[in-house]
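What follows is structure_29.csv (CSV, C-alpha atoms).
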```csv
chain,number,residue,atom,x,y,z
A,292,GLU,CA,124.0,81.9,148.2
A,293,ARG,CA,123.5,84.7,145.7
A,294,ARG,CA,125.6,82.8,143.1
A,295,GLU,CA,123.5,79.7,143.6
A,296,ILE,CA,120.3,81.7,143.2
A,297,GLU,CA,121.6,83.3,140.0
A,298,ARG,CA,122.7,79.9,138.7
A,299,GLU,CA,119.2,78.5,139.3
A,300,ARG,CA,117.6,81.5,137.6
A,301,ILE,CA,119.7,81.1,134.5
A,302,ARG,CA,119.0,77.3,134.4
A,303,ALA,CA,115.3,77.9,134.6
A,304,ASN,CA,115.4,80.6,131.9
A,305,LEU,CA,117.3,78.3,129.6
A,306,LEU,CA,114.8,75.5,130.1
A,307,ARG,CA,111.9,77.8,129.3
A,308,ALA,CA,113.7,79.2,126.3
A,309,VAL,CA,114.4,75.9,124.6
A,310,SER,CA,111.3,74.0,125.6
A,311,HIS,CA,109.4,75.0,122.4
A,312,ASP,CA,112.3,74.4,120.1
A,313,LEU,CA,113.1,71.0,121.5
A,314,ARG,CA,109.5,69.9,121.1
A,315,THR,CA,109.0,70.9,117.5
A,316,PRO,CA,111.6,68.9,115.6
A,317,PRO,CA,110.7,65.5,117.1
A,318,THR,CA,107.1,66.1,116.2
A,319,THR,CA,108.1,66.9,112.6
A,320,ILE,CA,110.4,63.9,112.4
A,321,TYR,CA,107.7,61.6,113.7
A,322,ALA,CA,105.1,63.0,111.2
A,323,SER,CA,107.5,62.7,108.3
A,324,ALA,CA,108.6,59.2,109.2
A,325,SER,CA,105.0,58.1,109.5
A,326,ALA,CA,104.2,59.5,106.1
A,327,LEU,CA,107.1,57.6,104.5
A,328,LEU,CA,105.9,54.4,106.2
A,329,GLU,CA,102.2,54.7,105.6
A,330,ASP,CA,101.8,56.5,102.2
A,331,GLU,CA,102.9,54.2,99.4
A,332,THR,CA,101.8,56.7,96.8
A,333,LEU,CA,104.5,59.2,97.5
A,334,GLY,CA,106.6,60.0,94.5
A,335,GLU,CA,110.4,59.9,94.5
A,336,GLU,CA,110.9,63.6,94.6
A,337,LYS,CA,108.5,64.1,97.6
A,338,ARG,CA,110.1,61.2,99.5
A,339,ARG,CA,113.4,62.9,99.0
A,340,ARG,CA,112.2,66.2,100.3
A,341,ILE,CA,110.7,64.5,103.4
A,342,LEU,CA,114.0,62.7,104.0
A,343,VAL,CA,116.0,65.9,103.7
A,344,GLY,CA,113.7,67.5,106.2
A,345,ILE,CA,114.2,64.6,108.6
A,346,LYS,CA,118.0,64.9,108.2
A,347,GLU,CA,118.0,68.6,108.8
A,348,ASP,CA,115.9,68.4,111.9
A,349,ALA,CA,118.0,65.6,113.3
A,350,GLU,CA,121.2,67.6,112.7
A,351,TRP,CA,119.7,70.6,114.4
A,352,LEU,CA,118.7,68.5,117.4
A,353,THR,CA,122.2,67.1,117.7
A,354,ARG,CA,123.7,70.6,117.7
A,355,MET,CA,121.2,71.9,120.2
A,356,VAL,CA,122.0,69.0,122.6
A,357,GLU,CA,125.7,69.7,122.2
A,358,ASN,CA,125.2,73.4,123.0
A,359,LEU,CA,123.0,72.6,126.0
A,360,LEU,CA,125.6,70.1,127.4
A,361,SER,CA,128.3,72.7,127.0
A,362,VAL,CA,126.4,75.3,129.0
A,363,THR,CA,125.3,73.0,131.8
A,364,ARG,CA,128.7,71.3,132.1
A,365,ILE,CA,130.6,74.5,132.3
A,366,GLY,CA,128.0,76.0,134.7
A,367,ALA,CA,128.3,73.0,136.9
A,368,GLY,CA,132.1,73.1,137.0
A,369,GLN,CA,132.4,69.7,135.2
A,370,VAL,CA,134.6,70.9,132.3
A,371,LYS,CA,138.4,71.3,132.3
A,372,LEU,CA,139.4,74.1,130.1
A,373,ILE,CA,142.6,72.9,128.5
A,374,LYS,CA,144.3,75.8,126.7
A,375,THR,CA,147.0,75.2,124.1
A,376,PRO,CA,148.6,77.7,121.7
A,377,VAL,CA,146.6,77.7,118.4
A,378,VAL,CA,147.4,79.5,115.2
A,379,PRO,CA,144.3,81.3,113.8
A,380,ASP,CA,144.9,79.9,110.2
A,381,GLU,CA,144.5,76.3,111.4
A,382,LEU,CA,141.5,77.1,113.6
A,383,ILE,CA,139.7,78.9,110.8
A,384,ASP,CA,140.5,76.2,108.2
A,385,SER,CA,138.8,73.6,110.4
A,386,VAL,CA,135.8,75.8,111.1
A,387,VAL,CA,135.2,76.7,107.5
A,388,GLY,CA,135.6,73.1,106.5
A,389,LYS,CA,132.9,71.9,109.0
A,390,PHE,CA,130.6,74.8,108.1
A,391,LYS,CA,130.8,74.0,104.3
A,392,LYS,CA,129.8,70.4,105.0
A,393,ARG,CA,126.7,71.6,106.8
A,394,TYR,CA,125.9,74.5,104.5
A,395,PRO,CA,127.5,73.9,101.0
A,396,ALA,CA,125.4,76.7,99.4
A,397,TYR,CA,127.1,79.4,101.5
A,398,ASP,CA,130.6,80.8,100.9
A,399,VAL,CA,132.6,82.4,103.8
A,400,GLN,CA,134.9,85.2,103.0
A,401,VAL,CA,137.9,84.8,105.3
A,402,GLU,CA,140.4,87.5,106.4
A,403,LEU,CA,143.4,86.5,108.5
A,404,PRO,CA,146.2,88.5,110.1
A,405,THR,CA,149.5,88.5,108.2
A,406,ASP,CA,151.6,88.0,111.3
A,407,ILE,CA,151.8,84.6,113.0
A,408,VAL,CA,150.2,84.6,116.4
A,409,PHE,CA,149.5,81.9,118.9
A,410,ILE,CA,146.3,82.1,121.0
A,411,PRO,CA,145.9,80.1,124.2
A,412,MET,CA,142.5,78.4,123.9
A,413,ASP,CA,140.5,75.2,124.0
A,414,SER,CA,140.2,74.9,120.2
A,415,MET,CA,137.2,72.6,120.3
A,416,LEU,CA,135.1,75.1,122.3
A,417,ILE,CA,136.2,78.1,120.2
A,418,GLU,CA,135.3,76.1,117.1
A,419,GLN,CA,131.9,75.7,118.6
A,420,VAL,CA,131.6,79.4,119.1
A,421,LEU,CA,132.5,80.3,115.5
A,422,LEU,CA,130.3,77.6,114.0
A,423,ASN,CA,127.3,78.8,116.2
A,424,LEU,CA,127.9,82.4,115.0
A,425,LEU,CA,128.1,81.3,111.3
A,426,GLU,CA,125.0,79.1,111.6
A,427,ASN,CA,123.2,82.0,113.4
A,428,ALA,CA,123.7,84.1,110.3
A,429,VAL,CA,122.4,81.4,108.0
A,430,GLN,CA,119.3,80.9,110.0
A,431,HIS,CA,118.4,84.5,110.8
A,432,ALA,CA,120.1,87.0,108.5
A,433,VAL,CA,117.3,87.3,106.0
A,434,GLY,CA,118.5,88.5,102.5
A,435,MET,CA,122.2,87.7,103.3
A,436,THR,CA,124.4,87.4,100.2
A,437,GLU,CA,127.8,87.8,101.9
A,438,LEU,CA,129.2,86.2,105.1
A,439,ARG,CA,132.6,87.2,106.4
A,440,LEU,CA,134.9,85.7,109.1
A,441,ARG,CA,137.6,88.1,110.1
A,442,VAL,CA,140.5,87.7,112.5
A,443,SER,CA,142.7,90.6,113.5
A,444,VAL,CA,145.3,91.5,116.1
A,445,HIS,CA,144.9,94.5,118.4
A,446,GLY,CA,147.8,94.7,120.9
A,447,LYS,CA,147.6,91.6,123.1
A,448,ASP,CA,144.1,90.7,121.9
A,449,VAL,CA,142.9,88.7,118.9
A,450,VAL,CA,139.5,89.8,117.6
A,451,PHE,CA,137.2,87.4,115.8
A,452,GLU,CA,134.3,88.9,113.8
A,453,VAL,CA,131.4,87.2,111.9
A,454,GLU,CA,129.6,89.7,109.7
A,455,ASP,CA,126.7,89.3,107.4
A,456,ASN,CA,124.8,91.8,105.1
A,457,GLY,CA,121.4,90.5,106.0
A,458,CYS,CA,118.4,92.1,107.8
A,459,GLY,CA,120.2,93.0,111.0
A,460,ILE,CA,118.9,92.6,114.5
A,461,PRO,CA,115.9,94.5,116.0
A,462,PRO,CA,117.2,97.1,118.5
A,463,ASP,CA,115.0,95.7,121.3
A,464,ALA,CA,116.6,92.3,120.9
A,465,LEU,CA,120.2,93.4,121.2
A,466,PRO,CA,120.5,93.8,125.0
A,467,GLY,CA,119.5,90.2,125.8
A,468,ILE,CA,120.8,88.5,122.7
A,469,PHE,CA,123.4,86.4,124.6
A,470,SER,CA,121.2,85.5,127.5
A,471,GLY,CA,119.6,82.4,126.0
A,472,THR,CA,116.2,83.6,127.1
A,473,GLN,CA,115.0,85.2,123.8
A,474,ARG,CA,111.5,84.1,123.2
A,475,PRO,CA,110.5,83.2,119.7
A,476,ARG,CA,108.8,86.1,117.9
A,477,ASP,CA,105.3,85.6,116.5
A,478,THR,CA,106.7,85.6,113.0
A,479,PRO,CA,110.4,85.2,112.8
A,480,PRO,CA,111.8,87.2,109.9
A,481,ASP,CA,113.3,84.2,108.2
A,482,GLY,CA,110.4,81.8,109.0
A,483,SER,CA,112.7,79.7,111.2
A,484,LYS,CA,111.2,77.7,114.1
A,485,HIS,CA,114.6,77.7,115.9
A,486,SER,CA,114.9,81.2,117.3
A,487,THR,CA,115.5,81.2,121.0
A,488,GLY,CA,119.2,82.0,120.6
A,489,ILE,CA,120.6,79.2,122.8
A,490,GLY,CA,123.6,79.0,120.5
A,491,LEU,CA,124.5,82.6,121.2
A,492,SER,CA,124.2,81.9,125.0
A,493,VAL,CA,126.7,79.1,124.5
A,494,CYS,CA,129.0,81.4,122.6
A,495,ALA,CA,129.0,84.0,125.5
A,496,THR,CA,129.6,81.3,128.1
A,497,ILE,CA,132.6,79.8,126.3
A,498,VAL,CA,134.2,83.1,125.5
A,499,ARG,CA,133.8,84.3,129.1
A,500,VAL,CA,135.4,81.2,130.6
A,501,HIS,CA,138.3,81.9,128.3
A,502,GLY,CA,138.6,85.4,129.9
A,503,GLY,CA,137.4,87.1,126.7
A,504,SER,CA,134.5,89.4,125.8
A,505,ILE,CA,131.7,89.1,123.2
A,506,SER,CA,129.4,91.7,121.7
A,507,VAL,CA,127.1,92.4,118.7
A,508,LYS,CA,126.1,95.4,116.8
A,509,ASN,CA,124.2,96.2,113.6
A,510,ALA,CA,126.4,97.2,110.7
A,511,PRO,CA,125.9,100.7,109.3
A,512,GLY,CA,125.2,99.4,105.8
A,513,GLY,CA,122.9,96.6,107.0
A,514,GLY,CA,123.5,93.2,108.6
A,515,ALA,CA,125.0,92.3,111.9
A,516,ILE,CA,128.6,92.0,113.3
A,517,PHE,CA,129.3,89.5,116.1
A,518,ARG,CA,132.7,90.1,117.7
A,519,PHE,CA,134.6,88.4,120.4
A,520,SER,CA,138.2,88.8,121.6
A,521,LEU,CA,140.8,86.5,123.3
A,522,GLN,CA,144.2,87.3,124.8
A,523,ILE,CA,147.4,86.3,123.0
A,524,GLU,CA,149.3,86.1,126.3
A,525,GLU,CA,148.3,84.9,129.7
A,526,ALA,CA,149.9,84.7,133.1
A,527,ASP,CA,147.9,81.6,134.0
A,528,HIS,CA,148.9,78.1,133.1
A,529,GLU,CA,147.6,76.2,130.2
A,530,GLN,CA,145.2,74.0,132.1
A,531,GLN,CA,142.5,75.6,134.2
A,532,GLN,CA,139.7,74.1,136.3
A,533,ILE,CA,136.3,75.8,135.8
```

Represent the structure from my file as structure tokens, please.
Amino acid sequence: ERREIERERIRANLLRAVSHDLRTPPTTIYASASALLEDETLGEEKRRRILVGIKEDAEWLTRMVENLLSVTRIGAGQVKLIKTPVVPDELIDSVVGKFKKRYPAYDVQVELPTDIVFIPMDSMLIEQVLLNLLENAVQHAVGMTELRLRVSVHGKDVVFEVEDNGCGIPPDALPGIFSGTQRPRDTPPDGSKHSTGIGLSVCATIVRVHGGSISVKNAPGGGAIFRFSLQIEEADHEQQQI
């Protein structure tokens, strides 16, 4: 009964947290599309800017829906976590390739372990975690000029780190940053309208169902470091029912 109450509380918090963000992009898309249809005096450059805005909002909505589906399906026990041994190099190549397609203006500095290791994971879900963390830096790390993705081996754990040199995270926001219930601040530091942190909640959920841990801290020289770890070896079998 307590688990069910907690599940309902989390579901309600998530719905409240994303209600504002889900409402804003469709409104913008509708207004932009109406302008394109009704205003025949728009110049080519202005039309292009409007179309780019529509494309960006549509892409963000798609990623938001994917994240929400992941959280709700995992929470409802509707996802089979199928773990297969994955080499970090292949995983990171795929993540960086997809990230560059979305954000061609940003370079990711990659550091990989010299030893070959195999990590049991559902690679599609862990890719989603890494893409969410990289995208979070793009959206919220004001002043960022460097973005790093590090993978290192510590005993039987593989540690993934996404580090930026941006504005860092307000100390009062750190404790609940993975809860998915962060309310948008009156004036987000980067001017972003997408600031509830649902993507970080998805990251935490996916890492935890893999048996790993996730954390965040501000870097001493500025910026933030998101870190999560997964085990190299497991006693369990490759396929698990959540």

Students should find that atom CA of A:Thr405 and atom CA of A:Glu381 are spaced 13.6 Å

Å distance separating atom CA of A:Ala396 from atom CA of A:Leu342, one decimal place
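The value is 18.6 Å.
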
What does the structure give for the distance between atom CA of A:Glu437 and atom CA of A:Ile489, in Å to one decimal?
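Computing it gives 23.7 Å between the two atoms.
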
Using all atoms listed in the file, collect all residues at a distance of at most 9 Å from (128.3, 81.2, 120.9) as written in the file, then present them as a list of chain:residue names.
A:Asn358, A:Ile417, A:Gln419, A:Val420, A:Leu421, A:Leu422, A:Asn423, A:Leu424, A:Phe469, A:Ile489, A:Gly490, A:Leu491, A:Ser492, A:Val493, A:Cys494, A:Ala495, A:Thr496, A:Ile497, A:Val498, A:Ile505

Taking C-alpha atoms for each residue, export the selection above as an mmCIF file, in the coordinates of the input.
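Below is the file out29.cif, written as the result:
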```cif
data_model
loop_
_atom_site.group_PDB
_atom_site.id
_atom_site.type_symbol
_atom_site.label_atom_id
_atom_site.label_comp_id
_atom_site.auth_asym_id
_atom_site.auth_seq_id
_atom_site.Cartn_x
_atom_site.Cartn_y
_atom_site.Cartn_z
ATOM 1 C CA ASN A 358 125.200 73.400 123.000
ATOM 2 C CA ILE A 417 136.200 78.100 120.200
ATOM 3 C CA GLN A 419 131.900 75.700 118.600
ATOM 4 C CA VAL A 420 131.600 79.400 119.100
ATOM 5 C CA LEU A 421 132.500 80.300 115.500
ATOM 6 C CA LEU A 422 130.300 77.600 114.000
ATOM 7 C CA ASN A 423 127.300 78.800 116.200
ATOM 8 C CA LEU A 424 127.900 82.400 115.000
ATOM 9 C CA PHE A 469 123.400 86.400 124.600
ATOM 10 C CA ILE A 489 120.600 79.200 122.800
ATOM 11 C CA GLY A 490 123.600 79.000 120.500
ATOM 12 C CA LEU A 491 124.500 82.600 121.200
ATOM 13 C CA SER A 492 124.200 81.900 125.000
ATOM 14 C CA VAL A 493 126.700 79.100 124.500
ATOM 15 C CA CYS A 494 129.000 81.400 122.600
ATOM 16 C CA ALA A 495 129.000 84.000 125.500
ATOM 17 C CA THR A 496 129.600 81.300 128.100
ATOM 18 C CA ILE A 497 132.600 79.800 126.300
ATOM 19 C CA VAL A 498 134.200 83.100 125.500
ATOM 20 C CA ILE A 505 131.700 89.100 123.200
#
```

Within 8 Å of A:Thr375, counting all atoms listed in the file, which residues show up once you throw out same-chain ones fewer than 3 positions away? Write them as a count of residues only, please.
6

Among the residues A:Ile345, A:Glu292, A:Leu416, A:Ile516, the one that comes closest to A:Leu360 [using all atoms listed in the file]:
A:Leu416

Can you tell me, as a list in words, what residues are no more than 10 Å from stretch 382-394 of chain A when counting all atoms listed in the file, ignoring any on the same chain fewer than 3 positions away?
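Residues near the query, excluding close chain neighbours: Glu347, Glu350, Val377, Val378, Pro379, Tyr397, Asp398, Val399, Gln400, Val401, Glu402, Leu403, Ser414, Met415, Ile417, Glu418, Gln419, Val420, Leu421, Leu422, Asn423, Leu425, Glu426, Val429, Leu440, Arg441 and Val442 of chain A.
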
Distance criterion (only C-alpha atoms): nearest to A:Val433 out of A:Phe409, A:Gly513, A:Ile468, A:Ile373
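Looking only at the distances to A:Val433, the closest residue turns out to be A:Gly513.
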
At a cut-off of 12 Å around the point (117.5, 64.6, 116.0) (file coordinates), what residues fall inside when counting all atoms listed in the file? I'd like the answer as a list in words.
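I get Asp312, Leu313, Arg314, Thr315, Pro316, Pro317, Thr318, Thr319, Ile320, Tyr321, Gly344, Ile345, Lys346, Glu347, Asp348, Ala349, Glu350, Trp351, Leu352, Thr353, Arg354, Met355, Val356 and Glu357 of chain A for the residues within 12 Å of that point.
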
Between A:Pro395, A:Gly502, A:Gly334, A:Gly459, which has the minimum distance to A:Gln522 (counting only C-alpha atoms)?
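Comparing A:Pro395, A:Gly502, A:Gly334, A:Gly459 against A:Gln522, the winner is A:Gly502.
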
Of the candidates A:Val500, A:Val408, A:Ser323, A:Ala515, which shows the shortest atom-to-atom distance to A:Met435, using all atoms listed in the file?
A:Ala515

File output for stretch 330-347 of chain A (N, CA, C and O atoms) as a compact mmCIF listing (two decimals), in the first residue's frame:
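What landed in decode14.txt:
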```
# COMPACT_ATOMS: atom_id res chain seq x y z
N ASP A 330 0.48 35.57 -43.22
CA ASP A 330 1.26 36.77 -43.53
C ASP A 330 2.09 36.55 -44.79
O ASP A 330 3.14 35.90 -44.76
N GLU A 331 1.61 37.08 -45.90
CA GLU A 331 2.31 36.87 -47.17
C GLU A 331 3.46 37.86 -47.36
O GLU A 331 4.17 37.79 -48.36
N THR A 332 3.63 38.79 -46.44
CA THR A 332 4.69 39.78 -46.58
C THR A 332 6.00 39.36 -45.91
O THR A 332 6.99 40.08 -45.96
N LEU A 333 6.01 38.20 -45.27
CA LEU A 333 7.23 37.74 -44.59
C LEU A 333 8.36 37.54 -45.58
O LEU A 333 8.19 36.92 -46.62
N GLY A 334 9.53 38.03 -45.23
CA GLY A 334 10.70 37.81 -46.06
C GLY A 334 11.24 36.40 -45.89
O GLY A 334 10.87 35.68 -44.96
N GLU A 335 12.13 36.00 -46.80
CA GLU A 335 12.67 34.64 -46.79
C GLU A 335 13.41 34.33 -45.49
O GLU A 335 13.28 33.24 -44.93
N GLU A 336 14.20 35.30 -44.99
CA GLU A 336 14.98 35.06 -43.78
C GLU A 336 14.08 34.89 -42.56
O GLU A 336 14.31 34.02 -41.72
N LYS A 337 13.02 35.70 -42.48
CA LYS A 337 12.10 35.58 -41.34
C LYS A 337 11.32 34.27 -41.41
O LYS A 337 11.09 33.62 -40.38
N ARG A 338 10.92 33.88 -42.59
CA ARG A 338 10.23 32.59 -42.75
C ARG A 338 11.13 31.44 -42.30
O ARG A 338 10.68 30.51 -41.64
N ARG A 339 12.40 31.55 -42.66
CA ARG A 339 13.34 30.49 -42.28
C ARG A 339 13.48 30.41 -40.76
O ARG A 339 13.50 29.32 -40.18
N ARG A 340 13.58 31.57 -40.09
CA ARG A 340 13.71 31.59 -38.63
C ARG A 340 12.48 30.97 -37.97
O ARG A 340 12.59 30.23 -36.99
N ILE A 341 11.31 31.27 -38.51
CA ILE A 341 10.07 30.72 -37.96
C ILE A 341 10.05 29.20 -38.13
O ILE A 341 9.69 28.44 -37.21
N LEU A 342 10.45 28.72 -39.31
CA LEU A 342 10.48 27.27 -39.57
C LEU A 342 11.48 26.56 -38.67
O LEU A 342 11.22 25.45 -38.18
N VAL A 343 12.63 27.18 -38.45
CA VAL A 343 13.62 26.59 -37.54
C VAL A 343 13.04 26.48 -36.13
O VAL A 343 13.23 25.47 -35.44
N GLY A 344 12.32 27.52 -35.69
CA GLY A 344 11.69 27.47 -34.38
C GLY A 344 10.65 26.37 -34.26
O GLY A 344 10.58 25.66 -33.25
N ILE A 345 9.86 26.20 -35.32
CA ILE A 345 8.87 25.11 -35.33
C ILE A 345 9.57 23.76 -35.23
O ILE A 345 9.16 22.87 -34.46
N LYS A 346 10.63 23.58 -36.00
CA LYS A 346 11.38 22.32 -36.00
C LYS A 346 11.95 22.03 -34.61
O LYS A 346 11.86 20.90 -34.11
N GLU A 347 12.55 23.04 -33.97
CA GLU A 347 13.16 22.84 -32.65
C GLU A 347 12.11 22.48 -31.61
O GLU A 347 12.32 21.59 -30.78
```
